[in-house]
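Dumped structure23.tsv below, it's TSV, N, CA and C atoms:
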chain	number	residue	atom	x	y	z
A	312	MET	N	77.94	68.62	211.06
A	312	MET	CA	78.93	67.56	211.10
A	312	MET	C	78.33	66.39	211.89
A	313	MET	N	78.49	65.20	211.37
A	313	MET	CA	77.96	63.99	212.02
A	313	MET	C	78.90	63.58	213.15
A	314	SER	N	78.32	63.25	214.30
A	314	SER	CA	79.12	62.81	215.43
A	314	SER	C	79.63	61.39	215.19
A	315	LEU	N	80.68	61.03	215.91
A	315	LEU	CA	81.22	59.68	215.84
A	315	LEU	C	80.16	58.66	216.24
A	316	ALA	N	79.41	58.98	217.30
A	316	ALA	CA	78.37	58.07	217.79
A	316	ALA	C	77.32	57.80	216.71
A	317	THR	N	76.86	58.85	216.06
A	317	THR	CA	75.84	58.71	215.01
A	317	THR	C	76.40	57.96	213.82
A	318	PHE	N	77.63	58.29	213.42
A	318	PHE	CA	78.26	57.64	212.27
A	318	PHE	C	78.35	56.13	212.48
A	319	VAL	N	78.89	55.72	213.62
A	319	VAL	CA	79.07	54.28	213.89
A	319	VAL	C	77.73	53.57	214.00
A	320	LYS	N	76.80	54.14	214.74
A	320	LYS	CA	75.51	53.50	214.93
A	320	LYS	C	74.75	53.35	213.61
A	321	GLU	N	74.72	54.40	212.81
A	321	GLU	CA	74.01	54.33	211.52
A	321	GLU	C	74.66	53.32	210.58
A	322	ARG	N	75.97	53.33	210.52
A	322	ARG	CA	76.67	52.40	209.63
A	322	ARG	C	76.51	50.95	210.09
A	323	ARG	N	76.57	50.74	211.40
A	323	ARG	CA	76.41	49.39	211.94
A	323	ARG	C	75.02	48.86	211.62
A	324	LYS	N	74.02	49.70	211.79
A	324	LYS	CA	72.65	49.28	211.50
A	324	LYS	C	72.45	49.05	210.00
A	325	LEU	N	73.12	49.84	209.19
A	325	LEU	CA	73.03	49.69	207.74
A	325	LEU	C	73.50	48.31	207.29
A	326	VAL	N	74.53	47.78	207.95
A	326	VAL	CA	75.03	46.44	207.61
A	326	VAL	C	74.36	45.36	208.43
A	327	GLN	N	73.34	45.75	209.18
A	327	GLN	CA	72.48	44.84	209.93
A	327	GLN	C	73.23	43.93	210.91
A	328	LEU	N	74.07	44.57	211.73
A	328	LEU	CA	74.80	43.84	212.76
A	328	LEU	C	74.37	44.37	214.13
A	329	THR	N	74.26	43.46	215.09
A	329	THR	CA	74.05	43.88	216.47
A	329	THR	C	75.35	44.48	216.98
A	330	GLN	N	75.28	45.15	218.11
A	330	GLN	CA	76.50	45.68	218.70
A	330	GLN	C	77.48	44.56	219.00
A	331	LYS	N	76.99	43.43	219.50
A	331	LYS	CA	77.85	42.30	219.82
A	331	LYS	C	78.51	41.72	218.57
A	332	GLU	N	77.74	41.52	217.52
A	332	GLU	CA	78.29	40.99	216.26
A	332	GLU	C	79.33	41.94	215.69
A	333	PHE	N	79.02	43.22	215.74
A	333	PHE	CA	79.93	44.22	215.20
A	333	PHE	C	81.24	44.25	215.98
A	334	ALA	N	81.13	44.21	217.30
A	334	ALA	CA	82.32	44.21	218.15
A	334	ALA	C	83.21	43.01	217.83
A	335	GLU	N	82.61	41.85	217.68
A	335	GLU	CA	83.37	40.64	217.37
A	335	GLU	C	84.10	40.78	216.04
A	336	ARG	N	83.42	41.28	215.04
A	336	ARG	CA	84.04	41.44	213.71
A	336	ARG	C	85.14	42.49	213.71
A	337	ALA	N	84.96	43.53	214.52
A	337	ALA	CA	85.95	44.60	214.58
A	337	ALA	C	87.13	44.23	215.48
A	338	GLY	N	86.96	43.21	216.31
A	338	GLY	CA	88.03	42.80	217.21
A	338	GLY	C	88.15	43.65	218.45
A	339	VAL	N	87.01	44.17	218.91
A	339	VAL	CA	87.00	44.98	220.13
A	339	VAL	C	85.95	44.42	221.09
A	340	ALA	N	86.01	44.86	222.33
A	340	ALA	CA	85.02	44.45	223.31
A	340	ALA	C	83.68	45.14	223.02
A	341	LEU	N	82.61	44.48	223.41
A	341	LEU	CA	81.27	45.04	223.25
A	341	LEU	C	81.17	46.40	223.93
A	342	THR	N	81.83	46.57	225.06
A	342	THR	CA	81.77	47.85	225.77
A	342	THR	C	82.34	49.00	224.95
A	343	VAL	N	83.29	48.72	224.08
A	343	VAL	CA	83.87	49.76	223.22
A	343	VAL	C	82.80	50.28	222.27
A	344	VAL	N	82.08	49.37	221.62
A	344	VAL	CA	81.03	49.78	220.69
A	344	VAL	C	79.95	50.55	221.44
A	345	ARG	N	79.56	50.06	222.60
A	345	ARG	CA	78.53	50.74	223.39
A	345	ARG	C	78.96	52.15	223.78
A	346	LYS	N	80.19	52.29	224.24
A	346	LYS	CA	80.68	53.61	224.65
A	346	LYS	C	80.70	54.58	223.48
A	347	ILE	N	81.14	54.11	222.32
A	347	ILE	CA	81.18	54.98	221.15
A	347	ILE	C	79.76	55.41	220.77
A	348	GLU	N	78.84	54.46	220.70
A	348	GLU	CA	77.48	54.77	220.28
A	348	GLU	C	76.73	55.62	221.32
A	349	GLN	N	77.17	55.60	222.56
A	349	GLN	CA	76.56	56.43	223.60
A	349	GLN	C	77.18	57.83	223.64
A	350	GLY	N	78.19	58.05	222.82
A	350	GLY	CA	78.80	59.37	222.75
A	350	GLY	C	79.80	59.65	223.86
A	351	LYS	N	80.31	58.61	224.48
A	351	LYS	CA	81.32	58.80	225.54
A	351	LYS	C	82.55	59.47	224.92
A	352	THR	N	83.24	60.27	225.70
A	352	THR	CA	84.39	61.01	225.17
A	352	THR	C	85.73	60.47	225.62
A	353	ASN	N	85.74	59.61	226.61
A	353	ASN	CA	86.99	59.04	227.10
A	353	ASN	C	87.21	57.69	226.41
A	354	LEU	N	87.74	57.74	225.18
A	354	LEU	CA	87.87	56.54	224.36
A	354	LEU	C	89.32	56.28	223.99
A	355	ASN	N	89.65	55.03	223.80
A	355	ASN	CA	90.97	54.62	223.33
A	355	ASN	C	90.98	54.79	221.81
A	356	MET	N	91.85	55.66	221.31
A	356	MET	CA	91.87	55.97	219.87
A	356	MET	C	92.21	54.76	219.01
A	357	GLU	N	93.01	53.86	219.53
A	357	GLU	CA	93.33	52.65	218.78
A	357	GLU	C	92.07	51.82	218.56
A	358	LYS	N	91.25	51.72	219.59
A	358	LYS	CA	89.99	50.96	219.50
A	358	LYS	C	89.01	51.67	218.56
A	359	VAL	N	88.96	52.99	218.64
A	359	VAL	CA	88.09	53.75	217.74
A	359	VAL	C	88.50	53.50	216.29
A	360	ASN	N	89.78	53.48	216.03
A	360	ASN	CA	90.24	53.24	214.66
A	360	ASN	C	89.93	51.82	214.19
A	361	LEU	N	89.94	50.84	215.10
A	361	LEU	CA	89.53	49.49	214.72
A	361	LEU	C	88.07	49.48	214.27
A	362	ILE	N	87.24	50.25	214.98
A	362	ILE	CA	85.83	50.37	214.61
A	362	ILE	C	85.69	51.07	213.27
A	363	LEU	N	86.35	52.21	213.11
A	363	LEU	CA	86.23	52.98	211.88
A	363	LEU	C	86.80	52.23	210.67
A	364	LYS	N	87.79	51.39	210.90
A	364	LYS	CA	88.39	50.61	209.82
A	364	LYS	C	87.35	49.73	209.14
A	365	MET	N	86.34	49.31	209.90
A	365	MET	CA	85.28	48.48	209.35
A	365	MET	C	84.52	49.20	208.23
A	366	PHE	N	84.57	50.54	208.24
A	366	PHE	CA	83.87	51.34	207.23
A	366	PHE	C	84.83	52.05	206.30
A	367	GLY	N	86.11	51.67	206.36
A	367	GLY	CA	87.09	52.30	205.47
A	367	GLY	C	87.50	53.69	205.90
A	368	HIS	N	87.41	54.00	207.20
A	368	HIS	CA	87.77	55.31	207.73
A	368	HIS	C	88.79	55.16	208.85
A	369	GLU	N	89.41	56.28	209.24
A	369	GLU	CA	90.27	56.30	210.40
A	369	GLU	C	90.35	57.73	210.94
A	370	LEU	N	90.68	57.84	212.22
A	370	LEU	CA	90.87	59.15	212.82
A	370	LEU	C	92.25	59.67	212.47
A	371	VAL	N	92.30	60.89	212.00
A	371	VAL	CA	93.58	61.53	211.70
A	371	VAL	C	93.46	63.01	212.08
A	372	PRO	N	94.57	63.63	212.44
A	372	PRO	CA	94.51	65.06	212.74
A	372	PRO	C	94.27	65.87	211.47
A	373	VAL	N	93.31	66.76	211.55
A	373	VAL	CA	92.96	67.63	210.43
A	373	VAL	C	92.84	69.04	210.98
A	374	PRO	N	93.44	70.01	210.32
A	374	PRO	CA	93.30	71.38	210.80
A	374	PRO	C	91.82	71.78	210.82
A	375	SER	N	91.38	72.34	211.93
A	375	SER	CA	89.96	72.71	212.04
A	375	SER	C	89.57	73.74	210.99
A	376	SER	N	90.52	74.52	210.54
A	376	SER	CA	90.22	75.52	209.51
A	376	SER	C	89.84	74.88	208.17
A	377	SER	N	90.22	73.60	207.98
A	377	SER	CA	89.91	72.94	206.71
A	377	SER	C	88.57	72.22	206.74
A	378	LEU	N	87.93	72.17	207.91
A	378	LEU	CA	86.64	71.51	208.03
A	378	LEU	C	85.51	72.47	207.67
A	379	GLN	N	84.56	71.94	206.91
A	379	GLN	CA	83.36	72.71	206.60
A	379	GLN	C	82.19	72.00	207.24
A	380	LYS	N	81.22	72.73	207.68
A	380	LYS	CA	80.10	72.18	208.42
A	380	LYS	C	79.43	71.01	207.71
A	381	ASN	N	79.21	71.06	206.43
A	381	ASN	CA	78.51	70.02	205.70
A	381	ASN	C	79.44	69.10	204.92
A	382	ASN	N	80.72	69.18	205.15
A	382	ASN	CA	81.68	68.42	204.38
A	382	ASN	C	82.19	67.19	205.11
A	383	CYS	N	81.66	66.86	206.29
A	383	CYS	CA	82.22	65.79	207.12
A	383	CYS	C	81.32	64.58	207.22
A	384	LYS	N	80.39	64.40	206.37
A	384	LYS	CA	79.49	63.25	206.43
A	384	LYS	C	80.04	62.07	205.69
Turn this file's structure into structure tokens for me.
Amino acid sequence: MMSLATFVKERRKLVQLTQKEFAERAGVALTVVRKIEQGKTNLNMEKVNLILKMFGHELVPVPSSSLQKNNCK
């Protein structure tokens, strides 16, 4: 399963944006993007969803029993 940090960093680089440019477009502070990409765990879910929205995703509760190791990329 891909971590949130890896997902955001890889997608941001794919669209060729710096952390600062990405933060501005997502409407969050630069520190939010940095914390996510560093794998910090104390995050504001609303801010995380603003970041994920840039890629057409969002955080939602999913039963862990429905997750498969290779199905979350």
Distance query stretch 359-363 of chain A at most 10 Å, only C-alpha atoms, self and fewer than 5 positions along chain excluded, as a PDB file with N, CA and C atoms, in the frame of the given file:
ATOM      1  N   LEU A 315      80.680  61.030 215.910  1.00  0.00           N
ATOM      2  CA  LEU A 315      81.220  59.680 215.840  1.00  0.00           C
ATOM      3  C   LEU A 315      80.160  58.660 216.240  1.00  0.00           C
ATOM      4  N   PHE A 318      77.630  58.290 213.420  1.00  0.00           N
ATOM      5  CA  PHE A 318      78.260  57.640 212.270  1.00  0.00           C
ATOM      6  C   PHE A 318      78.350  56.130 212.480  1.00  0.00           C
ATOM      7  N   VAL A 319      78.890  55.720 213.620  1.00  0.00           N
ATOM      8  CA  VAL A 319      79.070  54.280 213.890  1.00  0.00           C
ATOM      9  C   VAL A 319      77.730  53.570 214.000  1.00  0.00           C
ATOM     10  N   ARG A 322      75.970  53.330 210.520  1.00  0.00           N
ATOM     11  CA  ARG A 322      76.670  52.400 209.630  1.00  0.00           C
ATOM     12  C   ARG A 322      76.510  50.950 210.090  1.00  0.00           C
ATOM     13  N   ARG A 323      76.570  50.740 211.400  1.00  0.00           N
ATOM     14  CA  ARG A 323      76.410  49.390 211.940  1.00  0.00           C
ATOM     15  C   ARG A 323      75.020  48.860 211.620  1.00  0.00           C
ATOM     16  N   PHE A 333      79.020  43.220 215.740  1.00  0.00           N
ATOM     17  CA  PHE A 333      79.930  44.220 215.200  1.00  0.00           C
ATOM     18  C   PHE A 333      81.240  44.250 215.980  1.00  0.00           C
ATOM     19  N   ALA A 334      81.130  44.210 217.300  1.00  0.00           N
ATOM     20  CA  ALA A 334      82.320  44.210 218.150  1.00  0.00           C
ATOM     21  C   ALA A 334      83.210  43.010 217.830  1.00  0.00           C
ATOM     22  N   ARG A 336      83.420  41.280 215.040  1.00  0.00           N
ATOM     23  CA  ARG A 336      84.040  41.440 213.710  1.00  0.00           C
ATOM     24  C   ARG A 336      85.140  42.490 213.710  1.00  0.00           C
ATOM     25  N   ALA A 337      84.960  43.530 214.520  1.00  0.00           N
ATOM     26  CA  ALA A 337      85.950  44.600 214.580  1.00  0.00           C
ATOM     27  C   ALA A 337      87.130  44.230 215.480  1.00  0.00           C
ATOM     28  N   GLY A 338      86.960  43.210 216.310  1.00  0.00           N
ATOM     29  CA  GLY A 338      88.030  42.800 217.210  1.00  0.00           C
ATOM     30  C   GLY A 338      88.150  43.650 218.450  1.00  0.00           C
ATOM     31  N   VAL A 339      87.010  44.170 218.910  1.00  0.00           N
ATOM     32  CA  VAL A 339      87.000  44.980 220.130  1.00  0.00           C
ATOM     33  C   VAL A 339      85.950  44.420 221.090  1.00  0.00           C
ATOM     34  N   VAL A 343      83.290  48.720 224.080  1.00  0.00           N
ATOM     35  CA  VAL A 343      83.870  49.760 223.220  1.00  0.00           C
ATOM     36  C   VAL A 343      82.800  50.280 222.270  1.00  0.00           C
ATOM     37  N   VAL A 344      82.080  49.370 221.620  1.00  0.00           N
ATOM     38  CA  VAL A 344      81.030  49.780 220.690  1.00  0.00           C
ATOM     39  C   VAL A 344      79.950  50.550 221.440  1.00  0.00           C
ATOM     40  N   ILE A 347      81.140  54.110 222.320  1.00  0.00           N
ATOM     41  CA  ILE A 347      81.180  54.980 221.150  1.00  0.00           C
ATOM     42  C   ILE A 347      79.760  55.410 220.770  1.00  0.00           C
ATOM     43  N   LEU A 354      87.740  57.740 225.180  1.00  0.00           N
ATOM     44  CA  LEU A 354      87.870  56.540 224.360  1.00  0.00           C
ATOM     45  C   LEU A 354      89.320  56.280 223.990  1.00  0.00           C
ATOM     46  N   HIS A 368      87.410  54.000 207.200  1.00  0.00           N
ATOM     47  CA  HIS A 368      87.770  55.310 207.730  1.00  0.00           C
ATOM     48  C   HIS A 368      88.790  55.160 208.850  1.00  0.00           C
ATOM     49  N   GLU A 369      89.410  56.280 209.240  1.00  0.00           N
ATOM     50  CA  GLU A 369      90.270  56.300 210.400  1.00  0.00           C
ATOM     51  C   GLU A 369      90.350  57.730 210.940  1.00  0.00           C
ATOM     52  N   LEU A 370      90.680  57.840 212.220  1.00  0.00           N
ATOM     53  CA  LEU A 370      90.870  59.150 212.820  1.00  0.00           C
ATOM     54  C   LEU A 370      92.250  59.670 212.470  1.00  0.00           C
ATOM     55  N   VAL A 371      92.300  60.890 212.000  1.00  0.00           N
ATOM     56  CA  VAL A 371      93.580  61.530 211.700  1.00  0.00           C
ATOM     57  C   VAL A 371      93.460  63.010 212.080  1.00  0.00           C
TER      58      VAL A 371
END
Residues of chain A classed as alpha helix (DSSP H) by DSSP on the backbone are to be reported as a PyMOL selection string. chain A and resi 315-325+330-337+341-348+356-364
Atom C of A:Leu325 to atom CA of A:Glu348, distance in Å rounded to a single decimal: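 Atom-to-atom, atom C of A:Leu325 and atom CA of A:Glu348 are spaced 15.0 Å apart.
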If you count all atoms listed in the file, the residue of A:Ala340, A:Met312, A:Gln327, A:Lys358 closest to A:Gln379 turns out to be A:Met312
Between atom CA of A:Val326 and atom CA of A:Met365, distance in Å (one decimal):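 For atom CA of A:Val326 relative to atom CA of A:Met365, the distance reads 10.6 Å.
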So the first atom is atom CA of A:Ser376 and the second is atom CA of A:Lys320; what is the distance between them in Å, to one decimal place?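 Separation of atom CA of A:Ser376 and atom CA of A:Lys320: 27.0 Å.
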With N, CA, C and O atoms as the goal, would you fill in the gaps in stretch 358-383 of chain A and present it as a PDB file, in the coordinates of the input?
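Done, and the output landed in out-v4.pdb:
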ATOM      1  N   LYS A 358      91.250  51.720 219.590  1.00  0.00           N
ATOM      2  CA  LYS A 358      89.990  50.960 219.500  1.00  0.00           C
ATOM      3  C   LYS A 358      89.010  51.670 218.560  1.00  0.00           C
ATOM      4  O   LYS A 358      88.319  51.021 217.775  1.00  0.00           O
ATOM      5  N   VAL A 359      88.960  52.990 218.640  1.00  0.00           N
ATOM      6  CA  VAL A 359      88.090  53.750 217.740  1.00  0.00           C
ATOM      7  C   VAL A 359      88.500  53.500 216.290  1.00  0.00           C
ATOM      8  O   VAL A 359      87.648  53.281 215.429  1.00  0.00           O
ATOM      9  N   ASN A 360      89.780  53.480 216.030  1.00  0.00           N
ATOM     10  CA  ASN A 360      90.240  53.240 214.660  1.00  0.00           C
ATOM     11  C   ASN A 360      89.930  51.820 214.190  1.00  0.00           C
ATOM     12  O   ASN A 360      89.689  51.592 213.013  1.00  0.00           O
ATOM     13  N   LEU A 361      89.940  50.840 215.100  1.00  0.00           N
ATOM     14  CA  LEU A 361      89.530  49.490 214.720  1.00  0.00           C
ATOM     15  C   LEU A 361      88.070  49.480 214.270  1.00  0.00           C
ATOM     16  O   LEU A 361      87.708  48.812 213.295  1.00  0.00           O
ATOM     17  N   ILE A 362      87.240  50.250 214.980  1.00  0.00           N
ATOM     18  CA  ILE A 362      85.830  50.370 214.610  1.00  0.00           C
ATOM     19  C   ILE A 362      85.690  51.070 213.270  1.00  0.00           C
ATOM     20  O   ILE A 362      84.998  50.598 212.364  1.00  0.00           O
ATOM     21  N   LEU A 363      86.350  52.210 213.110  1.00  0.00           N
ATOM     22  CA  LEU A 363      86.230  52.980 211.880  1.00  0.00           C
ATOM     23  C   LEU A 363      86.800  52.230 210.670  1.00  0.00           C
ATOM     24  O   LEU A 363      86.320  52.415 209.546  1.00  0.00           O
ATOM     25  N   LYS A 364      87.790  51.390 210.900  1.00  0.00           N
ATOM     26  CA  LYS A 364      88.390  50.610 209.820  1.00  0.00           C
ATOM     27  C   LYS A 364      87.350  49.730 209.140  1.00  0.00           C
ATOM     28  O   LYS A 364      87.431  49.458 207.946  1.00  0.00           O
ATOM     29  N   MET A 365      86.340  49.310 209.900  1.00  0.00           N
ATOM     30  CA  MET A 365      85.280  48.480 209.350  1.00  0.00           C
ATOM     31  C   MET A 365      84.520  49.200 208.230  1.00  0.00           C
ATOM     32  O   MET A 365      83.915  48.584 207.374  1.00  0.00           O
ATOM     33  N   PHE A 366      84.570  50.540 208.240  1.00  0.00           N
ATOM     34  CA  PHE A 366      83.870  51.340 207.230  1.00  0.00           C
ATOM     35  C   PHE A 366      84.830  52.050 206.300  1.00  0.00           C
ATOM     36  O   PHE A 366      84.438  52.945 205.558  1.00  0.00           O
ATOM     37  N   GLY A 367      86.110  51.670 206.360  1.00  0.00           N
ATOM     38  CA  GLY A 367      87.090  52.300 205.470  1.00  0.00           C
ATOM     39  C   GLY A 367      87.500  53.690 205.900  1.00  0.00           C
ATOM     40  O   GLY A 367      87.913  54.498 205.073  1.00  0.00           O
ATOM     41  N   HIS A 368      87.410  54.000 207.200  1.00  0.00           N
ATOM     42  CA  HIS A 368      87.770  55.310 207.730  1.00  0.00           C
ATOM     43  C   HIS A 368      88.790  55.160 208.850  1.00  0.00           C
ATOM     44  O   HIS A 368      88.997  54.072 209.374  1.00  0.00           O
ATOM     45  N   GLU A 369      89.410  56.280 209.240  1.00  0.00           N
ATOM     46  CA  GLU A 369      90.270  56.300 210.400  1.00  0.00           C
ATOM     47  C   GLU A 369      90.350  57.730 210.940  1.00  0.00           C
ATOM     48  O   GLU A 369      90.088  58.685 210.218  1.00  0.00           O
ATOM     49  N   LEU A 370      90.680  57.840 212.220  1.00  0.00           N
ATOM     50  CA  LEU A 370      90.870  59.150 212.820  1.00  0.00           C
ATOM     51  C   LEU A 370      92.250  59.670 212.470  1.00  0.00           C
ATOM     52  O   LEU A 370      93.246  58.952 212.611  1.00  0.00           O
ATOM     53  N   VAL A 371      92.300  60.890 212.000  1.00  0.00           N
ATOM     54  CA  VAL A 371      93.580  61.530 211.700  1.00  0.00           C
ATOM     55  C   VAL A 371      93.460  63.010 212.080  1.00  0.00           C
ATOM     56  O   VAL A 371      92.367  63.578 212.042  1.00  0.00           O
ATOM     57  N   PRO A 372      94.570  63.630 212.440  1.00  0.00           N
ATOM     58  CA  PRO A 372      94.510  65.060 212.740  1.00  0.00           C
ATOM     59  C   PRO A 372      94.270  65.870 211.470  1.00  0.00           C
ATOM     60  O   PRO A 372      94.908  65.644 210.450  1.00  0.00           O
ATOM     61  N   VAL A 373      93.310  66.760 211.550  1.00  0.00           N
ATOM     62  CA  VAL A 373      92.960  67.630 210.430  1.00  0.00           C
ATOM     63  C   VAL A 373      92.840  69.040 210.980  1.00  0.00           C
ATOM     64  O   VAL A 373      92.180  69.243 212.011  1.00  0.00           O
ATOM     65  N   PRO A 374      93.440  70.010 210.320  1.00  0.00           N
ATOM     66  CA  PRO A 374      93.300  71.380 210.800  1.00  0.00           C
ATOM     67  C   PRO A 374      91.820  71.780 210.820  1.00  0.00           C
ATOM     68  O   PRO A 374      91.099  71.552 209.846  1.00  0.00           O
ATOM     69  N   SER A 375      91.380  72.340 211.930  1.00  0.00           N
ATOM     70  CA  SER A 375      89.960  72.710 212.040  1.00  0.00           C
ATOM     71  C   SER A 375      89.570  73.740 210.990  1.00  0.00           C
ATOM     72  O   SER A 375      88.419  73.801 210.583  1.00  0.00           O
ATOM     73  N   SER A 376      90.520  74.520 210.540  1.00  0.00           N
ATOM     74  CA  SER A 376      90.220  75.520 209.510  1.00  0.00           C
ATOM     75  C   SER A 376      89.840  74.880 208.170  1.00  0.00           C
ATOM     76  O   SER A 376      89.205  75.504 207.340  1.00  0.00           O
ATOM     77  N   SER A 377      90.220  73.600 207.980  1.00  0.00           N
ATOM     78  CA  SER A 377      89.910  72.940 206.710  1.00  0.00           C
ATOM     79  C   SER A 377      88.570  72.220 206.740  1.00  0.00           C
ATOM     80  O   SER A 377      88.102  71.719 205.721  1.00  0.00           O
ATOM     81  N   LEU A 378      87.930  72.170 207.910  1.00  0.00           N
ATOM     82  CA  LEU A 378      86.640  71.510 208.030  1.00  0.00           C
ATOM     83  C   LEU A 378      85.510  72.470 207.670  1.00  0.00           C
ATOM     84  O   LEU A 378      85.508  73.623 208.085  1.00  0.00           O
ATOM     85  N   GLN A 379      84.560  71.940 206.910  1.00  0.00           N
ATOM     86  CA  GLN A 379      83.360  72.710 206.600  1.00  0.00           C
ATOM     87  C   GLN A 379      82.190  72.000 207.240  1.00  0.00           C
ATOM     88  O   GLN A 379      82.154  70.773 207.290  1.00  0.00           O
ATOM     89  N   LYS A 380      81.220  72.730 207.680  1.00  0.00           N
ATOM     90  CA  LYS A 380      80.100  72.180 208.420  1.00  0.00           C
ATOM     91  C   LYS A 380      79.430  71.010 207.710  1.00  0.00           C
ATOM     92  O   LYS A 380      79.115  69.986 208.307  1.00  0.00           O
ATOM     93  N   ASN A 381      79.210  71.060 206.430  1.00  0.00           N
ATOM     94  CA  ASN A 381      78.510  70.020 205.700  1.00  0.00           C
ATOM     95  C   ASN A 381      79.440  69.100 204.920  1.00  0.00           C
ATOM     96  O   ASN A 381      78.996  68.301 204.119  1.00  0.00           O
ATOM     97  N   ASN A 382      80.720  69.180 205.150  1.00  0.00           N
ATOM     98  CA  ASN A 382      81.680  68.420 204.380  1.00  0.00           C
ATOM     99  C   ASN A 382      82.190  67.190 205.110  1.00  0.00           C
ATOM    100  O   ASN A 382      83.059  66.495 204.630  1.00  0.00           O
ATOM    101  N   CYS A 383      81.660  66.860 206.290  1.00  0.00           N
ATOM    102  CA  CYS A 383      82.220  65.790 207.120  1.00  0.00           C
ATOM    103  C   CYS A 383      81.320  64.580 207.220  1.00  0.00           C
ATOM    104  O   CYS A 383      81.456  63.776 208.111  1.00  0.00           O
TER     105      CYS A 383
END
